[in-house]
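Participant: Got a structure for you, model_35.cif, holding mmCIF, C-alpha atoms and all ligand atoms.
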```cif
data_entry
#
loop_
_atom_site.label_atom_id
_atom_site.label_comp_id
_atom_site.auth_asym_id
_atom_site.auth_seq_id
_atom_site.Cartn_x
_atom_site.Cartn_y
_atom_site.Cartn_z
CA MET A 1 17.39 -56.41 27.59
CA PRO A 2 14.35 -55.41 25.51
CA LYS A 3 11.28 -57.64 25.57
CA ARG A 4 9.96 -59.18 22.40
CA CYS A 5 6.28 -59.68 21.70
CA PRO A 6 5.60 -63.43 21.28
CA ILE A 7 2.93 -62.71 18.68
CA CYS A 8 4.40 -60.10 16.34
CA ASN A 9 8.03 -60.07 17.49
CA ARG A 10 8.11 -56.29 17.99
CA SER A 11 10.60 -55.16 20.61
CA SER A 12 9.94 -53.00 23.67
CA ASP A 13 12.31 -50.43 22.20
CA GLU A 14 9.78 -49.69 19.45
CA ILE A 15 6.47 -50.02 21.22
CA ARG A 16 4.91 -49.87 24.69
CA PHE A 17 4.29 -53.24 26.32
CA VAL A 18 1.34 -54.39 28.38
CA GLY A 19 2.47 -57.43 30.34
CA GLU A 20 4.11 -59.88 27.97
CA LEU A 21 2.50 -58.45 24.84
CA CYS A 22 3.08 -55.36 22.80
CA GLU A 23 0.36 -52.75 23.05
CA LYS A 24 -0.99 -53.55 19.61
CA CYS A 25 -1.32 -57.29 20.18
CA ALA A 26 -2.72 -56.72 23.68
CA GLY A 27 -5.35 -54.47 22.05
CA ASP A 28 -6.20 -57.19 19.51
CA LYS A 29 -6.55 -59.72 22.33
CA LEU A 30 -8.82 -57.45 24.34
CA ARG A 31 -11.02 -56.66 21.32
CA GLU A 32 -11.37 -60.38 20.59
CA ARG A 33 -12.71 -60.99 24.08
CA LEU A 34 -15.33 -58.25 23.83
CA PRO A 35 -18.75 -58.99 22.29
CA VAL A 36 -19.29 -57.74 18.75
CA GLN A 37 -22.95 -57.11 19.36
CA VAL A 38 -24.99 -55.64 22.19
CA GLU A 39 -28.75 -56.07 22.47
CA ILE A 40 -30.83 -53.13 23.61
CA GLU A 41 -34.56 -52.98 24.24
CA ARG A 42 -36.19 -50.08 22.44
CA CYS A 43 -39.83 -49.03 22.56
CA ARG A 44 -41.52 -49.43 19.19
CA VAL A 45 -43.79 -46.47 19.96
CA CYS A 46 -41.72 -43.71 21.55
CA GLY A 47 -38.23 -44.93 20.60
CA LYS A 48 -36.87 -44.77 24.15
CA ILE A 49 -34.50 -47.46 25.43
CA ARG A 50 -34.40 -49.51 28.61
CA THR A 51 -31.50 -48.72 30.92
CA LYS A 52 -30.97 -49.82 34.51
CA GLU A 53 -32.30 -46.40 35.53
CA GLY A 54 -35.54 -47.05 33.61
CA ILE A 55 -36.89 -46.08 30.20
CA ARG A 56 -34.92 -43.18 28.82
CA GLU A 57 -34.43 -41.14 25.69
CA GLU A 58 -31.67 -42.68 23.58
CA ASP A 59 -28.72 -40.35 23.88
CA LYS A 60 -25.04 -40.48 24.75
CA ASP A 61 -25.66 -40.75 28.50
CA SER A 62 -28.30 -43.46 28.40
CA LEU A 63 -26.41 -45.50 25.82
CA GLN A 64 -23.20 -45.21 27.80
CA SER A 65 -25.07 -46.51 30.85
CA VAL A 66 -26.34 -49.53 28.91
CA MET A 67 -22.88 -50.27 27.50
CA GLN A 68 -21.23 -49.96 30.90
CA GLN A 69 -23.72 -52.47 32.26
CA ARG A 70 -23.03 -54.95 29.46
CA PHE A 71 -19.24 -54.57 29.60
CA ASN A 72 -19.20 -54.57 33.37
CA ARG A 73 -15.66 -55.90 33.75
CA TYR A 74 -14.28 -52.82 32.02
CA LYS A 75 -14.56 -49.10 32.25
CA ILE A 76 -16.47 -47.84 29.24
CA ARG A 77 -16.66 -44.46 27.61
CA LEU A 78 -18.96 -43.99 24.64
CA ILE A 79 -17.11 -42.10 21.93
CA SER A 80 -19.86 -41.95 19.33
CA PHE A 81 -22.93 -43.80 18.13
CA GLY A 82 -25.39 -43.93 15.25
CA GLU A 83 -26.75 -46.18 12.50
CA GLY A 84 -26.90 -49.14 14.85
CA ARG A 85 -23.24 -48.95 15.90
CA ALA A 86 -21.37 -47.61 18.88
CA LEU A 87 -17.71 -46.77 19.21
CA LEU A 88 -16.40 -47.39 22.71
CA ASP A 89 -13.28 -46.59 24.59
CA VAL A 90 -12.66 -49.65 26.73
CA VAL A 91 -10.29 -49.53 29.67
CA ASP A 92 -9.15 -52.86 31.06
CA HIS A 93 -7.74 -52.83 34.59
CA GLY A 94 -7.00 -56.55 34.52
CA TRP A 95 -3.38 -56.14 33.41
CA ASP A 96 -0.30 -55.02 35.26
CA GLN A 97 -1.18 -51.54 34.07
CA SER A 98 -4.57 -50.29 32.94
CA PHE A 99 -4.83 -50.15 29.25
CA ALA A 100 -7.36 -48.81 26.76
CA THR A 101 -8.56 -49.78 23.33
CA GLU A 102 -11.31 -48.69 20.99
CA LYS A 103 -14.06 -51.11 20.10
CA ASP A 104 -16.78 -50.80 17.47
CA VAL A 105 -19.91 -52.72 18.48
CA GLN A 106 -23.07 -53.42 16.63
CA ILE A 107 -26.33 -52.58 18.40
CA LYS A 108 -29.22 -54.96 17.95
CA TYR A 109 -32.49 -53.33 18.92
CA ASN A 110 -35.17 -55.57 20.38
CA LYS A 111 -38.63 -54.10 20.13
CA ILE A 112 -40.68 -53.65 23.27
CA THR A 113 -43.62 -51.48 24.26
CA CYS A 114 -42.64 -49.42 27.28
CA GLU A 115 -44.90 -49.10 30.29
CA SER A 116 -45.92 -45.54 29.53
CA CYS A 117 -46.79 -46.30 25.88
CA TYR A 118 -48.62 -49.43 26.94
CA ARG A 119 -50.87 -47.39 29.21
CA ARG A 120 -51.28 -44.67 26.60
CA LEU A 121 -52.32 -47.11 23.89
CA GLY A 122 -54.74 -48.76 26.29
CA GLY A 123 -56.51 -45.45 26.87
CA TYR A 124 -55.50 -45.54 30.53
CA TYR A 125 -56.55 -42.55 32.63
CA GLU A 126 -56.81 -41.66 36.32
CA ALA A 127 -58.26 -38.18 36.17
CA LEU A 128 -61.10 -36.60 34.24
CA LEU A 129 -61.09 -32.83 34.03
CA GLN A 130 -64.44 -31.39 33.01
CA LEU A 131 -63.85 -27.91 31.70
CA ARG A 132 -66.80 -25.59 31.33
CA GLY A 133 -66.89 -21.91 30.66
CA GLU A 134 -65.46 -19.46 28.20
CA GLN A 135 -64.07 -20.94 24.98
CA GLU A 136 -60.84 -18.99 24.91
CA ARG A 137 -59.99 -19.74 28.53
CA MET A 138 -60.68 -23.42 28.05
CA GLU A 139 -58.44 -23.55 24.99
CA ARG A 140 -55.65 -21.83 26.88
CA PHE A 141 -56.07 -24.23 29.78
CA ILE A 142 -55.89 -27.26 27.47
CA GLU A 143 -52.76 -26.01 25.78
CA ARG A 144 -50.93 -25.29 29.04
CA PHE A 145 -52.13 -28.43 30.76
CA LYS A 146 -51.02 -30.58 27.85
CA ARG A 147 -47.53 -29.10 27.88
CA TYR A 148 -47.27 -29.44 31.68
CA THR A 149 -48.37 -33.07 31.49
CA GLU A 150 -46.05 -34.10 28.67
CA ASP A 151 -43.04 -32.33 30.17
CA ARG A 152 -43.47 -34.60 33.16
CA GLY A 153 -43.73 -37.86 31.24
CA GLU A 154 -47.50 -38.25 31.56
CA PHE A 155 -50.11 -37.88 28.85
CA ILE A 156 -53.60 -36.84 27.81
CA ALA A 157 -55.35 -40.12 26.99
CA ASP A 158 -58.34 -38.45 25.35
CA LEU A 159 -59.82 -35.01 24.78
CA LYS A 160 -63.53 -34.81 24.01
CA GLU A 161 -65.55 -31.80 22.99
CA VAL A 162 -68.84 -32.01 24.87
CA GLU A 163 -71.83 -29.75 25.34
CA GLY A 164 -70.59 -26.57 27.06
CA GLY A 165 -66.93 -27.51 27.16
CA TYR A 166 -64.30 -30.21 27.10
CA ASP A 167 -63.54 -33.43 28.94
CA ILE A 168 -59.84 -34.18 29.37
CA TYR A 169 -58.84 -37.73 30.27
CA MET A 170 -55.43 -37.68 31.85
CA SER A 171 -53.01 -40.39 32.97
CA SER A 172 -52.08 -39.20 36.46
CA LYS A 173 -54.42 -37.87 39.14
CA ALA A 174 -51.46 -36.80 41.29
CA LEU A 175 -50.17 -34.62 38.48
CA ALA A 176 -53.63 -33.24 37.70
CA ALA A 177 -54.07 -32.27 41.36
CA ALA A 178 -50.60 -30.71 41.48
CA TYR A 179 -51.33 -28.61 38.42
CA LEU A 180 -54.62 -27.27 39.78
CA LYS A 181 -52.98 -26.44 43.10
CA GLU A 182 -50.01 -24.70 41.51
CA ARG A 183 -52.24 -22.54 39.34
CA GLU A 184 -54.73 -22.01 42.15
CA ILE A 185 -57.56 -23.25 39.97
CA LYS A 186 -60.67 -24.18 41.92
CA ALA A 187 -62.27 -27.50 41.11
CA LYS A 188 -65.07 -29.58 42.50
CA THR A 189 -63.62 -33.03 43.01
CA SER A 190 -65.48 -36.31 43.02
CA TYR A 191 -64.25 -39.89 43.09
CA THR A 192 -65.38 -42.95 41.21
CA LEU A 193 -64.30 -46.42 42.18
CA SER A 194 -62.59 -47.91 39.15
CA GLY A 195 -61.52 -51.28 40.53
CA LEU A 196 -58.82 -52.91 42.60
CA ASP A 197 -55.11 -52.81 42.07
CA ARG A 198 -52.85 -55.87 42.24
CA SER A 199 -52.61 -55.78 46.02
CA GLY A 200 -56.41 -55.59 46.35
CA LYS A 201 -56.47 -51.89 47.24
CA LYS A 202 -59.39 -49.82 45.92
CA VAL A 203 -58.48 -47.52 43.07
CA TYR A 204 -60.39 -44.34 42.39
CA LYS A 205 -60.54 -42.16 39.37
CA ASN A 206 -60.80 -38.47 40.18
CA THR A 207 -63.16 -36.13 38.39
CA TYR A 208 -62.48 -32.42 38.57
CA ALA A 209 -65.29 -30.06 37.58
CA ILE A 210 -63.62 -26.81 36.58
CA ARG A 211 -65.34 -23.57 35.69
CA LEU A 212 -63.26 -21.11 33.70
ZN ZN B 1 2.79 -57.79 19.30
ZN ZN B 2 -42.66 -46.02 24.73
#
```
Turn this file's structure into structure tokens for me.
Ligand SMILES: [Zn+2]
Ligand SMILES: [Zn+2]
Facilitator:
Amino acid sequence: MPKRCPICNRSSDEIRFVGELCEKCAGDKLRERLPVQVEIERCRVCGKIRTKEGIREEDKDSLQSVMQQRFNRYKIRLISFGEGRALLDVVDHGWDQSFATEKDVQIKYNKITCESCYRRLGGYYEALLQLRGEQERMERFIERFKRYTEDRGEFIADLKEVEGGYDIYMSSKALAAAYLKEREIKAKTSYTLSGLDRSGKKVYKNTYAIRL
């Protein structure tokens, strides 16, 4: 005895059934229950989005992670996205058999300023590299150091041309130290107390005097 869908009256001879409903009506029901809009926090400066893994470039992986978090009762696969919309493949395991449907959601971007941009805009720095020496070598150093820094998510807060060389203000002293060590560049290091952090620990800025 074929089943009949109570909504559209299709029979199980013509279409696959999911529980009591035909596949098409079950899909409509599932889509109705899903939100039409998802809010995502996006940095107004660098354009990255907030995911549960932190601030990340907006791409298929990061967006999928955000969507999965929002639609946490279902298994989500991001099919495509762009122009403030995302097309999702939604698998619902809450029926007698798991069952998938496609859902088009609107993305509403809420503007934030991410931590890294906040520090950058505030001129934050932890390390000062004082380069002195030959012009060409200093220029090469600056170019390489800048690339190294940015590839690792940190930044040059300021670069000043001074008498006899350049002063580079950089966001991370750990990264500055790592760079100098990797390249076996000798530097005279000094420390300046810059204040206390939230837990009351003393914070130092490092100055590296580098002769090239
Ligand atoms: Zn139906
Ligand atoms: Zn940012």
Participant: Could you give me, as a list in words, every polymer residue with an atom at most 8 Å away from an atom of ligand ZN 1 (chain B), counting only C-alpha atoms and all ligand atoms?
Facilitator: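 Those residues are Arg4, Cys5, Pro6, Ile7, Cys8, Asn9, Arg10, Leu21, Cys22, Glu23, Lys24, Cys25 and Ala26 of chain A.
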Participant: Sorted by chain and rising residue number, list the residues of segment 105-178 of chain A at most 8 Å from segment 190-209 of chain A (counting all atoms listed in the file), each with its closest atom pair and distance in Å to one decimal, as a tab-separated table.
Facilitator:
```
residue	atom	partner	partner_atom	distance
A:Tyr125	CA	A:Lys205	CA	7.8
A:Glu126	CA	A:Lys205	CA	4.8
A:Ala127	CA	A:Asn206	CA	4.8
A:Leu128	CA	A:Thr207	CA	4.7
A:Leu129	CA	A:Tyr208	CA	4.8
A:Gln130	CA	A:Ala209	CA	4.8
A:Leu131	CA	A:Ala209	CA	6.4
A:Arg132	CA	A:Ala209	CA	7.8
A:Lys173	CA	A:Asn206	CA	6.5
```
Participant: Using all atoms listed in the file, which residues of chain A come within 10 Å of ligand ZN 2 (chain B), and what is the closest atom pair for each, with the distance in Å to one decimal? Give it as JSON lines, sorted by chain and residue number.
Facilitator:
```
{"residue": "A:Arg42", "atom": "CA", "partner": "B:ZN2", "partner_atom": "ZN", "distance": 8.0}
{"residue": "A:Cys43", "atom": "CA", "partner": "B:ZN2", "partner_atom": "ZN", "distance": 4.7}
{"residue": "A:Arg44", "atom": "CA", "partner": "B:ZN2", "partner_atom": "ZN", "distance": 6.6}
{"residue": "A:Val45", "atom": "CA", "partner": "B:ZN2", "partner_atom": "ZN", "distance": 4.9}
{"residue": "A:Cys46", "atom": "CA", "partner": "B:ZN2", "partner_atom": "ZN", "distance": 4.0}
{"residue": "A:Gly47", "atom": "CA", "partner": "B:ZN2", "partner_atom": "ZN", "distance": 6.2}
{"residue": "A:Lys48", "atom": "CA", "partner": "B:ZN2", "partner_atom": "ZN", "distance": 6.0}
{"residue": "A:Ile49", "atom": "CA", "partner": "B:ZN2", "partner_atom": "ZN", "distance": 8.3}
{"residue": "A:Arg50", "atom": "CA", "partner": "B:ZN2", "partner_atom": "ZN", "distance": 9.8}
{"residue": "A:Ile55", "atom": "CA", "partner": "B:ZN2", "partner_atom": "ZN", "distance": 8.0}
{"residue": "A:Arg56", "atom": "CA", "partner": "B:ZN2", "partner_atom": "ZN", "distance": 9.2}
{"residue": "A:Glu57", "atom": "CA", "partner": "B:ZN2", "partner_atom": "ZN", "distance": 9.6}
{"residue": "A:Ile112", "atom": "CA", "partner": "B:ZN2", "partner_atom": "ZN", "distance": 8.0}
{"residue": "A:Thr113", "atom": "CA", "partner": "B:ZN2", "partner_atom": "ZN", "distance": 5.6}
{"residue": "A:Cys114", "atom": "CA", "partner": "B:ZN2", "partner_atom": "ZN", "distance": 4.3}
{"residue": "A:Glu115", "atom": "CA", "partner": "B:ZN2", "partner_atom": "ZN", "distance": 6.7}
{"residue": "A:Ser116", "atom": "CA", "partner": "B:ZN2", "partner_atom": "ZN", "distance": 5.8}
{"residue": "A:Cys117", "atom": "CA", "partner": "B:ZN2", "partner_atom": "ZN", "distance": 4.3}
{"residue": "A:Tyr118", "atom": "CA", "partner": "B:ZN2", "partner_atom": "ZN", "distance": 7.2}
{"residue": "A:Arg119", "atom": "CA", "partner": "B:ZN2", "partner_atom": "ZN", "distance": 9.5}
{"residue": "A:Arg120", "atom": "CA", "partner": "B:ZN2", "partner_atom": "ZN", "distance": 8.9}
{"residue": "A:Leu121", "atom": "CA", "partner": "B:ZN2", "partner_atom": "ZN", "distance": 9.8}
```
Participant: Find the residues near Ile79 of chain A: any atom within 12 Å, counting all atoms listed in the file, skip ones fewer than 2 places away on the same chain, and give them as a list in words.
Facilitator: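 Residues meeting the cut-off are Asp59, Lys60, Asp61, Leu63, Gln64, Met67, Ile76, Arg77, Phe81, Gly82, Arg85, Ala86, Leu87, Leu88, Asp89, Val90, Thr101, Glu102, Lys103, Asp104 and Val105 of chain A.
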Participant: From the options A:Ala176, A:Met1, A:Met138, A:Ile107, which residue's atoms come nearest to Glu154 of chain A, counting all atoms listed in the file?
Facilitator: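 Smallest separation from Glu154 of chain A among the options: A:Ala176.
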Participant: With 10 Å as the threshold, what does the neighbourhood of (-66.8, -29.5, 27.0) contain in terms of residues, counting all atoms listed in the file? Coordinates are those of the file; answer as a compact mmCIF listing (two decimals) with C-alpha atoms, in the coordinates of the input.
Facilitator:
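Saved file out24.txt follows:
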```
# COMPACT_ATOMS: atom_id res chain seq x y z
CA LEU A 129 -61.09 -32.83 34.03
CA GLN A 130 -64.44 -31.39 33.01
CA LEU A 131 -63.85 -27.91 31.70
CA ARG A 132 -66.80 -25.59 31.33
CA GLY A 133 -66.89 -21.91 30.66
CA GLN A 135 -64.07 -20.94 24.98
CA MET A 138 -60.68 -23.42 28.05
CA LEU A 159 -59.82 -35.01 24.78
CA LYS A 160 -63.53 -34.81 24.01
CA GLU A 161 -65.55 -31.80 22.99
CA VAL A 162 -68.84 -32.01 24.87
CA GLU A 163 -71.83 -29.75 25.34
CA GLY A 164 -70.59 -26.57 27.06
CA GLY A 165 -66.93 -27.51 27.16
CA TYR A 166 -64.30 -30.21 27.10
CA ASP A 167 -63.54 -33.43 28.94
CA ILE A 168 -59.84 -34.18 29.37
```
Participant: So how many Å separate atom CA of Arg147 of chain A and atom CA of Ser171 of chain A, to one decimal?
Facilitator: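 According to the coordinates, atom CA of Arg147 of chain A and atom CA of Ser171 of chain A are separated by 13.5 Å.
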Participant: Which value, in Å to one decimal, gives the distance between atom CA of Phe145 of chain A and atom CA of Leu212 of chain A?
Facilitator: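 Computing it gives 13.6 Å between the two atoms.
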Participant: Give me the residues near Ser98 of chain A as an MDAnalysis selection string, where near means some atom within 12 Å (using all atoms listed in the file) and where sequence neighbours in that chain fewer than 5 positions away do not count.
Facilitator: chainID A and resid 17:19 23 26:27 30 74:75 90:93
Participant: Enter the distance from atom CA of Glu20 of chain A to atom CA of Pro2 of chain A, in Å, rounded to one decimal.
Facilitator: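 Distance reported for this atom pair: 11.4 Å.
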Participant: Which centre and which edge lengths, in Å to one decimal, describe the axis-aligned box that holds all listed atoms of segment 47-57 of chain A after 4 Å is added on each side, as JSON?
Facilitator:
```
{"center_x": -34.6, "center_y": -45.5, "center_z": 28.1, "size_x": 15.3, "size_y": 16.7, "size_z": 22.9}
```
Participant: Quick one: of A:Lys3, A:Arg33, A:Lys181, A:Arg70, who's nearest to Thr51 of chain A, counting all atoms listed in the file?
Facilitator: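 Result for the nearest residue to Thr51 of chain A: A:Arg70.
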Participant: Fewer than 2 positions away in the same chain doesn't count, so skip those; otherwise give me all residues within 6 Å of Tyr109 of chain A, counting all atoms listed in the file, as a list in words.
Facilitator: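 Once the adjacent positions are removed, what remains is Glu39, Ile40 and Glu41 of chain A.
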Participant: With C-alpha atoms retained, write the just-selected residues as a CSV table (one decimal), keeping the file's coordinate frame.
Facilitator:
```csv
chain,number,residue,atom,x,y,z
A,39,GLU,CA,-28.8,-56.1,22.5
A,40,ILE,CA,-30.8,-53.1,23.6
A,41,GLU,CA,-34.6,-53.0,24.2
```
